[in-house]
Amino acid sequence: MDRTQLLLALSVTLFSLGFVGVMIRRNALVMLMCLELMLNGVILSLVTFAAHSGTLAGAVLVFLVFVVAAAEIAIAIPIVLLLSRQRRSLDVGAYSELKG
Amino acid sequence: MSLESLVLYFFAAAALAGGVLMLVARHPMRVALALISSMVSLAGIYAVLGVHVIAVFQVLIYVGAVMVFMVYVIMLLDLRDPSFLERYGRAVVPSVALAGVLAIALAAAVAGGDLMSAAELAHYHADRAPATFGVAPFSTEFLEPYWLHFELTSVLLLAAVVAAIAVIRTGRRRDG
């Protein structure tokens, strides 16, 4: 199997595993971590394409995605902490009135 | 099989195992450790690919900053939380089926995509040398064509810091 194809298959698999995690896990923090796994799968495909095509622009884009991911976590975790302080639970079932 | 591809297969298997463990582990701390091992394996893959700068940033930013933050938050939390005892919500079977459909669709899209072969790439790079992913070319790339994007990331990080402080402050006002 070609190296690029193997890595793209791994990328798709990691993205799908993260998706399953976001859908089935109950804990809000675990869901956030599965979201990170999805993002890592996408970054893997980006790096694979950058290394395959031999262009530096892809690597620069990966760095920018890293910065966005760090900013996202810096905001998401305080929100999760506030939610857990308000409801005394991280179970997403406790927030079911968000259904509308 | 060369040593390089052997190492690549090893790291790919390790990343996959970390991803599967994330779904199976019950306690969030174990999920975090599985995610960390998966991320470190991905950094190994990037190093094998020769993209050393990205491998270093993967370890520094993801494992060093994001996951340490996550582990701290897990330590702050109450361990008797019901979501720690019961792993899965109600819609397990439909979600797994949906993810399977998504994976098949993504794999079909990737397999159907038109990837440049080595010969085409050599033709594409005929007028210039293919990039090396060292620190020096990476830095000059940031300071010359992409300087504006680089500066904009600092604005984004500042906005994130301000937003995090604002979220914490509104929470405190509601409590007190």
# chains A, B, ... in the order shown; residues from 1 in each chain; ligands from 1
>>> select_by_dssp(residues="range 18-162 of chain B", states="alpha helix (DSSP H)", output="ChimeraX atom specification")
/B:18-24,28-49,52-57,67-76,82-85,92-112,118-124,135-143,147-162
>>> write_last_selection(atoms="C-alpha atoms", output="short mmCIF file (atom, residue, chain, number, x, y, z; two decimals), in the first residue's frame")
data_model
loop_
_atom_site.label_atom_id
_atom_site.label_comp_id
_atom_site.auth_asym_id
_atom_site.auth_seq_id
_atom_site.Cartn_x
_atom_site.Cartn_y
_atom_site.Cartn_z
CA GLY B 18 -5.23 5.28 21.05
CA GLY B 19 -8.34 6.33 19.15
CA VAL B 20 -10.11 3.05 19.91
CA LEU B 21 -9.12 3.20 23.60
CA MET B 22 -10.70 6.66 23.79
CA LEU B 23 -14.07 5.12 23.00
CA VAL B 24 -13.68 2.20 25.40
CA PRO B 28 -11.86 10.76 31.52
CA MET B 29 -8.25 10.60 32.71
CA ARG B 30 -7.75 7.35 30.79
CA VAL B 31 -9.42 8.90 27.76
CA ALA B 32 -7.00 11.82 28.03
CA LEU B 33 -4.01 9.48 28.27
CA ALA B 34 -5.23 7.53 25.22
CA LEU B 35 -5.60 10.81 23.31
CA ILE B 36 -2.08 11.85 24.36
CA SER B 37 -0.61 8.56 23.13
CA SER B 38 -2.51 8.96 19.87
CA MET B 39 -1.18 12.51 19.43
CA VAL B 40 2.40 11.47 20.18
CA SER B 41 2.11 8.68 17.59
CA LEU B 42 0.85 11.24 15.07
CA ALA B 43 3.90 13.38 15.88
CA GLY B 44 6.03 10.31 15.14
CA ILE B 45 4.27 9.92 11.79
CA TYR B 46 4.98 13.57 10.96
CA ALA B 47 8.65 13.06 11.85
CA VAL B 48 8.83 9.99 9.59
CA LEU B 49 7.27 12.04 6.79
CA HIS B 52 9.87 17.91 11.62
CA VAL B 53 8.57 21.38 12.45
CA ILE B 54 4.99 20.14 12.56
CA ALA B 55 6.04 17.12 14.67
CA VAL B 56 7.65 19.46 17.21
CA PHE B 57 4.58 21.73 17.26
CA MET B 67 -3.70 18.13 26.91
CA VAL B 68 -1.98 19.34 30.09
CA PHE B 69 -4.81 21.87 30.40
CA MET B 70 -7.33 19.07 29.86
CA VAL B 71 -5.68 16.85 32.51
CA TYR B 72 -5.75 19.73 35.01
CA VAL B 73 -9.47 20.23 34.42
CA ILE B 74 -10.14 16.50 34.90
CA MET B 75 -8.33 16.66 38.23
CA LEU B 76 -10.55 19.59 39.27
CA PRO B 82 -22.82 9.92 36.92
CA SER B 83 -21.32 10.48 33.48
CA PHE B 84 -18.10 8.92 34.76
CA LEU B 85 -19.86 5.71 35.74
CA VAL B 92 -25.15 4.17 20.33
CA VAL B 93 -26.25 1.97 17.42
CA PRO B 94 -27.53 4.78 15.13
CA SER B 95 -24.43 6.89 15.80
CA VAL B 96 -22.07 4.03 15.00
CA ALA B 97 -24.05 3.30 11.83
CA LEU B 98 -23.93 7.00 10.87
CA ALA B 99 -20.17 7.11 11.50
CA GLY B 100 -19.74 3.99 9.36
CA VAL B 101 -21.62 5.64 6.50
CA LEU B 102 -19.50 8.78 6.98
CA ALA B 103 -16.27 6.76 6.93
CA ILE B 104 -17.30 4.92 3.76
CA ALA B 105 -18.26 8.19 2.07
CA LEU B 106 -14.95 9.84 3.08
CA ALA B 107 -12.95 6.79 1.95
CA ALA B 108 -14.78 6.78 -1.38
CA ALA B 109 -14.07 10.49 -1.82
CA VAL B 110 -10.37 9.97 -1.01
CA ALA B 111 -10.08 6.91 -3.26
CA GLY B 112 -11.87 8.69 -6.10
CA ALA B 118 5.52 11.07 -8.50
CA ALA B 119 6.22 11.81 -12.17
CA GLU B 120 3.61 14.58 -12.29
CA LEU B 121 4.99 16.05 -9.08
CA ALA B 122 8.50 16.06 -10.53
CA HIS B 123 7.13 17.94 -13.54
CA TYR B 124 5.30 20.34 -11.21
CA VAL B 135 12.99 25.20 10.74
CA ALA B 136 14.80 27.76 8.57
CA PRO B 137 12.59 27.54 5.41
CA PHE B 138 9.53 27.37 7.63
CA SER B 139 10.53 30.56 9.47
CA THR B 140 11.35 32.51 6.32
CA GLU B 141 8.04 31.38 4.82
CA PHE B 142 6.31 32.88 7.85
CA LEU B 143 8.23 36.15 7.79
CA TRP B 147 3.70 37.60 7.75
CA LEU B 148 0.16 38.97 7.93
CA HIS B 149 -1.31 35.57 8.84
CA PHE B 150 1.37 35.12 11.47
CA GLU B 151 0.50 38.47 13.05
CA LEU B 152 -3.21 37.68 12.85
CA THR B 153 -2.69 34.54 14.94
CA SER B 154 -1.48 36.74 17.80
CA VAL B 155 -4.68 38.78 17.50
CA LEU B 156 -6.69 35.55 17.59
CA LEU B 157 -4.86 34.34 20.70
CA LEU B 158 -5.45 37.70 22.41
CA ALA B 159 -9.16 37.46 21.58
CA ALA B 160 -9.23 33.92 23.01
CA VAL B 161 -7.60 35.08 26.26
CA VAL B 162 -10.07 37.96 26.61
#
>>> interface_residues(of="chain A", to="chain B", cutoff="8 Å", atoms="only C-alpha atoms", output="PyMOL selection string")
chain A and resi 3+7-10+12-14+16-21+23-27+29-30+33-34+37+40+44+47-48+51+53-56+59-60+62-64+66-68+70-75+77-79+81-82+88-91
>>> atom_distance(atom1="CA of Gln5 in chain A", atom2="CA of Val65 in chain A")
22.5 Å
>>> decode(residues="range 34-77 of chain A", atoms="N, CA and C atoms", output="PDB file, in the first residue's frame")
ATOM      1  N   CYS A  34     -12.849  13.919  22.118  1.00  0.00           N
ATOM      2  CA  CYS A  34     -13.103  13.225  20.859  1.00  0.00           C
ATOM      3  C   CYS A  34     -13.120  14.215  19.697  1.00  0.00           C
ATOM      4  N   LEU A  35     -13.589  15.445  19.985  1.00  0.00           N
ATOM      5  CA  LEU A  35     -13.535  16.512  18.982  1.00  0.00           C
ATOM      6  C   LEU A  35     -12.085  16.797  18.587  1.00  0.00           C
ATOM      7  N   GLU A  36     -11.201  16.773  19.595  1.00  0.00           N
ATOM      8  CA  GLU A  36      -9.773  16.970  19.305  1.00  0.00           C
ATOM      9  C   GLU A  36      -9.242  15.841  18.425  1.00  0.00           C
ATOM     10  N   LEU A  37      -9.736  14.613  18.662  1.00  0.00           N
ATOM     11  CA  LEU A  37      -9.294  13.483  17.821  1.00  0.00           C
ATOM     12  C   LEU A  37      -9.736  13.687  16.377  1.00  0.00           C
ATOM     13  N   MET A  38     -10.967  14.204  16.180  1.00  0.00           N
ATOM     14  CA  MET A  38     -11.431  14.495  14.820  1.00  0.00           C
ATOM     15  C   MET A  38     -10.515  15.516  14.158  1.00  0.00           C
ATOM     16  N   LEU A  39     -10.176  16.564  14.920  1.00  0.00           N
ATOM     17  CA  LEU A  39      -9.312  17.619  14.367  1.00  0.00           C
ATOM     18  C   LEU A  39      -7.942  17.053  14.021  1.00  0.00           C
ATOM     19  N   ASN A  40      -7.444  16.122  14.868  1.00  0.00           N
ATOM     20  CA  ASN A  40      -6.143  15.515  14.587  1.00  0.00           C
ATOM     21  C   ASN A  40      -6.177  14.688  13.315  1.00  0.00           C
ATOM     22  N   GLY A  41      -7.313  14.022  13.071  1.00  0.00           N
ATOM     23  CA  GLY A  41      -7.440  13.266  11.825  1.00  0.00           C
ATOM     24  C   GLY A  41      -7.360  14.181  10.619  1.00  0.00           C
ATOM     25  N   VAL A  42      -8.027  15.329  10.700  1.00  0.00           N
ATOM     26  CA  VAL A  42      -8.003  16.276   9.579  1.00  0.00           C
ATOM     27  C   VAL A  42      -6.595  16.843   9.381  1.00  0.00           C
ATOM     28  N   ILE A  43      -5.915  17.149  10.512  1.00  0.00           N
ATOM     29  CA  ILE A  43      -4.555  17.687  10.408  1.00  0.00           C
ATOM     30  C   ILE A  43      -3.630  16.656   9.786  1.00  0.00           C
ATOM     31  N   LEU A  44      -3.851  15.367  10.117  1.00  0.00           N
ATOM     32  CA  LEU A  44      -3.020  14.318   9.513  1.00  0.00           C
ATOM     33  C   LEU A  44      -3.165  14.317   7.994  1.00  0.00           C
ATOM     34  N   SER A  45      -4.403  14.465   7.506  1.00  0.00           N
ATOM     35  CA  SER A  45      -4.575  14.492   6.048  1.00  0.00           C
ATOM     36  C   SER A  45      -3.896  15.718   5.450  1.00  0.00           C
ATOM     37  N   LEU A  46      -3.982  16.851   6.161  1.00  0.00           N
ATOM     38  CA  LEU A  46      -3.347  18.087   5.674  1.00  0.00           C
ATOM     39  C   LEU A  46      -1.831  17.916   5.575  1.00  0.00           C
ATOM     40  N   VAL A  47      -1.218  17.326   6.624  1.00  0.00           N
ATOM     41  CA  VAL A  47       0.235  17.121   6.616  1.00  0.00           C
ATOM     42  C   VAL A  47       0.619  16.127   5.530  1.00  0.00           C
ATOM     43  N   THR A  48      -0.218  15.073   5.368  1.00  0.00           N
ATOM     44  CA  THR A  48       0.081  14.080   4.336  1.00  0.00           C
ATOM     45  C   THR A  48       0.108  14.730   2.956  1.00  0.00           C
ATOM     46  N   PHE A  49      -0.882  15.558   2.670  1.00  0.00           N
ATOM     47  CA  PHE A  49      -0.915  16.221   1.369  1.00  0.00           C
ATOM     48  C   PHE A  49       0.250  17.192   1.221  1.00  0.00           C
ATOM     49  N   ALA A  50       0.584  17.899   2.321  1.00  0.00           N
ATOM     50  CA  ALA A  50       1.703  18.854   2.244  1.00  0.00           C
ATOM     51  C   ALA A  50       3.009  18.121   1.967  1.00  0.00           C
ATOM     52  N   ALA A  51       3.225  16.973   2.652  1.00  0.00           N
ATOM     53  CA  ALA A  51       4.459  16.217   2.452  1.00  0.00           C
ATOM     54  C   ALA A  51       4.469  15.569   1.071  1.00  0.00           C
ATOM     55  N   HIS A  52       3.280  15.157   0.615  1.00  0.00           N
ATOM     56  CA  HIS A  52       3.193  14.518  -0.705  1.00  0.00           C
ATOM     57  C   HIS A  52       3.518  15.519  -1.813  1.00  0.00           C
ATOM     58  N   SER A  53       2.962  16.724  -1.701  1.00  0.00           N
ATOM     59  CA  SER A  53       3.168  17.699  -2.776  1.00  0.00           C
ATOM     60  C   SER A  53       4.443  18.499  -2.582  1.00  0.00           C
ATOM     61  N   GLY A  54       5.082  18.400  -1.398  1.00  0.00           N
ATOM     62  CA  GLY A  54       6.339  19.097  -1.175  1.00  0.00           C
ATOM     63  C   GLY A  54       6.222  20.604  -1.174  1.00  0.00           C
ATOM     64  N   THR A  55       5.103  21.136  -0.669  1.00  0.00           N
ATOM     65  CA  THR A  55       4.952  22.586  -0.591  1.00  0.00           C
ATOM     66  C   THR A  55       4.930  23.014   0.868  1.00  0.00           C
ATOM     67  N   LEU A  56       5.567  24.156   1.142  1.00  0.00           N
ATOM     68  CA  LEU A  56       5.616  24.641   2.522  1.00  0.00           C
ATOM     69  C   LEU A  56       4.303  25.283   2.946  1.00  0.00           C
ATOM     70  N   ALA A  57       3.486  25.713   1.983  1.00  0.00           N
ATOM     71  CA  ALA A  57       2.241  26.397   2.338  1.00  0.00           C
ATOM     72  C   ALA A  57       1.352  25.492   3.185  1.00  0.00           C
ATOM     73  N   GLY A  58       1.362  24.190   2.907  1.00  0.00           N
ATOM     74  CA  GLY A  58       0.574  23.266   3.704  1.00  0.00           C
ATOM     75  C   GLY A  58       1.023  23.230   5.152  1.00  0.00           C
ATOM     76  N   ALA A  59       2.339  23.224   5.359  1.00  0.00           N
ATOM     77  CA  ALA A  59       2.861  23.207   6.731  1.00  0.00           C
ATOM     78  C   ALA A  59       2.492  24.489   7.471  1.00  0.00           C
ATOM     79  N   VAL A  60       2.535  25.624   6.743  1.00  0.00           N
ATOM     80  CA  VAL A  60       2.135  26.894   7.351  1.00  0.00           C
ATOM     81  C   VAL A  60       0.672  26.835   7.764  1.00  0.00           C
ATOM     82  N   LEU A  61      -0.165  26.249   6.893  1.00  0.00           N
ATOM     83  CA  LEU A  61      -1.590  26.138   7.202  1.00  0.00           C
ATOM     84  C   LEU A  61      -1.805  25.258   8.432  1.00  0.00           C
ATOM     85  N   VAL A  62      -1.024  24.182   8.557  1.00  0.00           N
ATOM     86  CA  VAL A  62      -1.138  23.308   9.732  1.00  0.00           C
ATOM     87  C   VAL A  62      -0.811  24.086  11.001  1.00  0.00           C
ATOM     88  N   PHE A  63       0.223  24.922  10.931  1.00  0.00           N
ATOM     89  CA  PHE A  63       0.569  25.730  12.105  1.00  0.00           C
ATOM     90  C   PHE A  63      -0.594  26.646  12.495  1.00  0.00           C
ATOM     91  N   LEU A  64      -1.228  27.269  11.486  1.00  0.00           N
ATOM     92  CA  LEU A  64      -2.359  28.155  11.781  1.00  0.00           C
ATOM     93  C   LEU A  64      -3.509  27.360  12.398  1.00  0.00           C
ATOM     94  N   VAL A  65      -3.723  26.121  11.915  1.00  0.00           N
ATOM     95  CA  VAL A  65      -4.783  25.288  12.498  1.00  0.00           C
ATOM     96  C   VAL A  65      -4.461  24.955  13.949  1.00  0.00           C
ATOM     97  N   PHE A  66      -3.180  24.722  14.251  1.00  0.00           N
ATOM     98  CA  PHE A  66      -2.779  24.482  15.644  1.00  0.00           C
ATOM     99  C   PHE A  66      -3.163  25.662  16.532  1.00  0.00           C
ATOM    100  N   VAL A  67      -2.888  26.869  16.039  1.00  0.00           N
ATOM    101  CA  VAL A  67      -3.196  28.056  16.841  1.00  0.00           C
ATOM    102  C   VAL A  67      -4.699  28.162  17.079  1.00  0.00           C
ATOM    103  N   VAL A  68      -5.493  27.903  16.026  1.00  0.00           N
ATOM    104  CA  VAL A  68      -6.944  27.973  16.177  1.00  0.00           C
ATOM    105  C   VAL A  68      -7.419  26.917  17.175  1.00  0.00           C
ATOM    106  N   ALA A  69      -6.817  25.709  17.130  1.00  0.00           N
ATOM    107  CA  ALA A  69      -7.223  24.654  18.060  1.00  0.00           C
ATOM    108  C   ALA A  69      -6.902  25.044  19.496  1.00  0.00           C
ATOM    109  N   ALA A  70      -5.738  25.671  19.701  1.00  0.00           N
ATOM    110  CA  ALA A  70      -5.383  26.101  21.059  1.00  0.00           C
ATOM    111  C   ALA A  70      -6.368  27.148  21.559  1.00  0.00           C
ATOM    112  N   ALA A  71      -6.746  28.097  20.689  1.00  0.00           N
ATOM    113  CA  ALA A  71      -7.709  29.124  21.089  1.00  0.00           C
ATOM    114  C   ALA A  71      -9.063  28.495  21.406  1.00  0.00           C
ATOM    115  N   GLU A  72      -9.452  27.509  20.585  1.00  0.00           N
ATOM    116  CA  GLU A  72     -10.741  26.848  20.793  1.00  0.00           C
ATOM    117  C   GLU A  72     -10.782  26.171  22.158  1.00  0.00           C
ATOM    118  N   ILE A  73      -9.697  25.464  22.510  1.00  0.00           N
ATOM    119  CA  ILE A  73      -9.661  24.769  23.796  1.00  0.00           C
ATOM    120  C   ILE A  73      -9.671  25.776  24.942  1.00  0.00           C
ATOM    121  N   ALA A  74      -8.958  26.901  24.753  1.00  0.00           N
ATOM    122  CA  ALA A  74      -8.889  27.896  25.825  1.00  0.00           C
ATOM    123  C   ALA A  74     -10.260  28.463  26.129  1.00  0.00           C
ATOM    124  N   ILE A  75     -11.184  28.488  25.159  1.00  0.00           N
ATOM    125  CA  ILE A  75     -12.530  28.984  25.435  1.00  0.00           C
ATOM    126  C   ILE A  75     -13.459  27.848  25.830  1.00  0.00           C
ATOM    127  N   ALA A  76     -13.299  26.676  25.210  1.00  0.00           N
ATOM    128  CA  ALA A  76     -14.252  25.587  25.456  1.00  0.00           C
ATOM    129  C   ALA A  76     -14.144  25.059  26.874  1.00  0.00           C
ATOM    130  N   ILE A  77     -12.928  24.962  27.411  1.00  0.00           N
ATOM    131  CA  ILE A  77     -12.792  24.358  28.740  1.00  0.00           C
ATOM    132  C   ILE A  77     -13.389  25.235  29.837  1.00  0.00           C
TER     133      ILE A  77
END
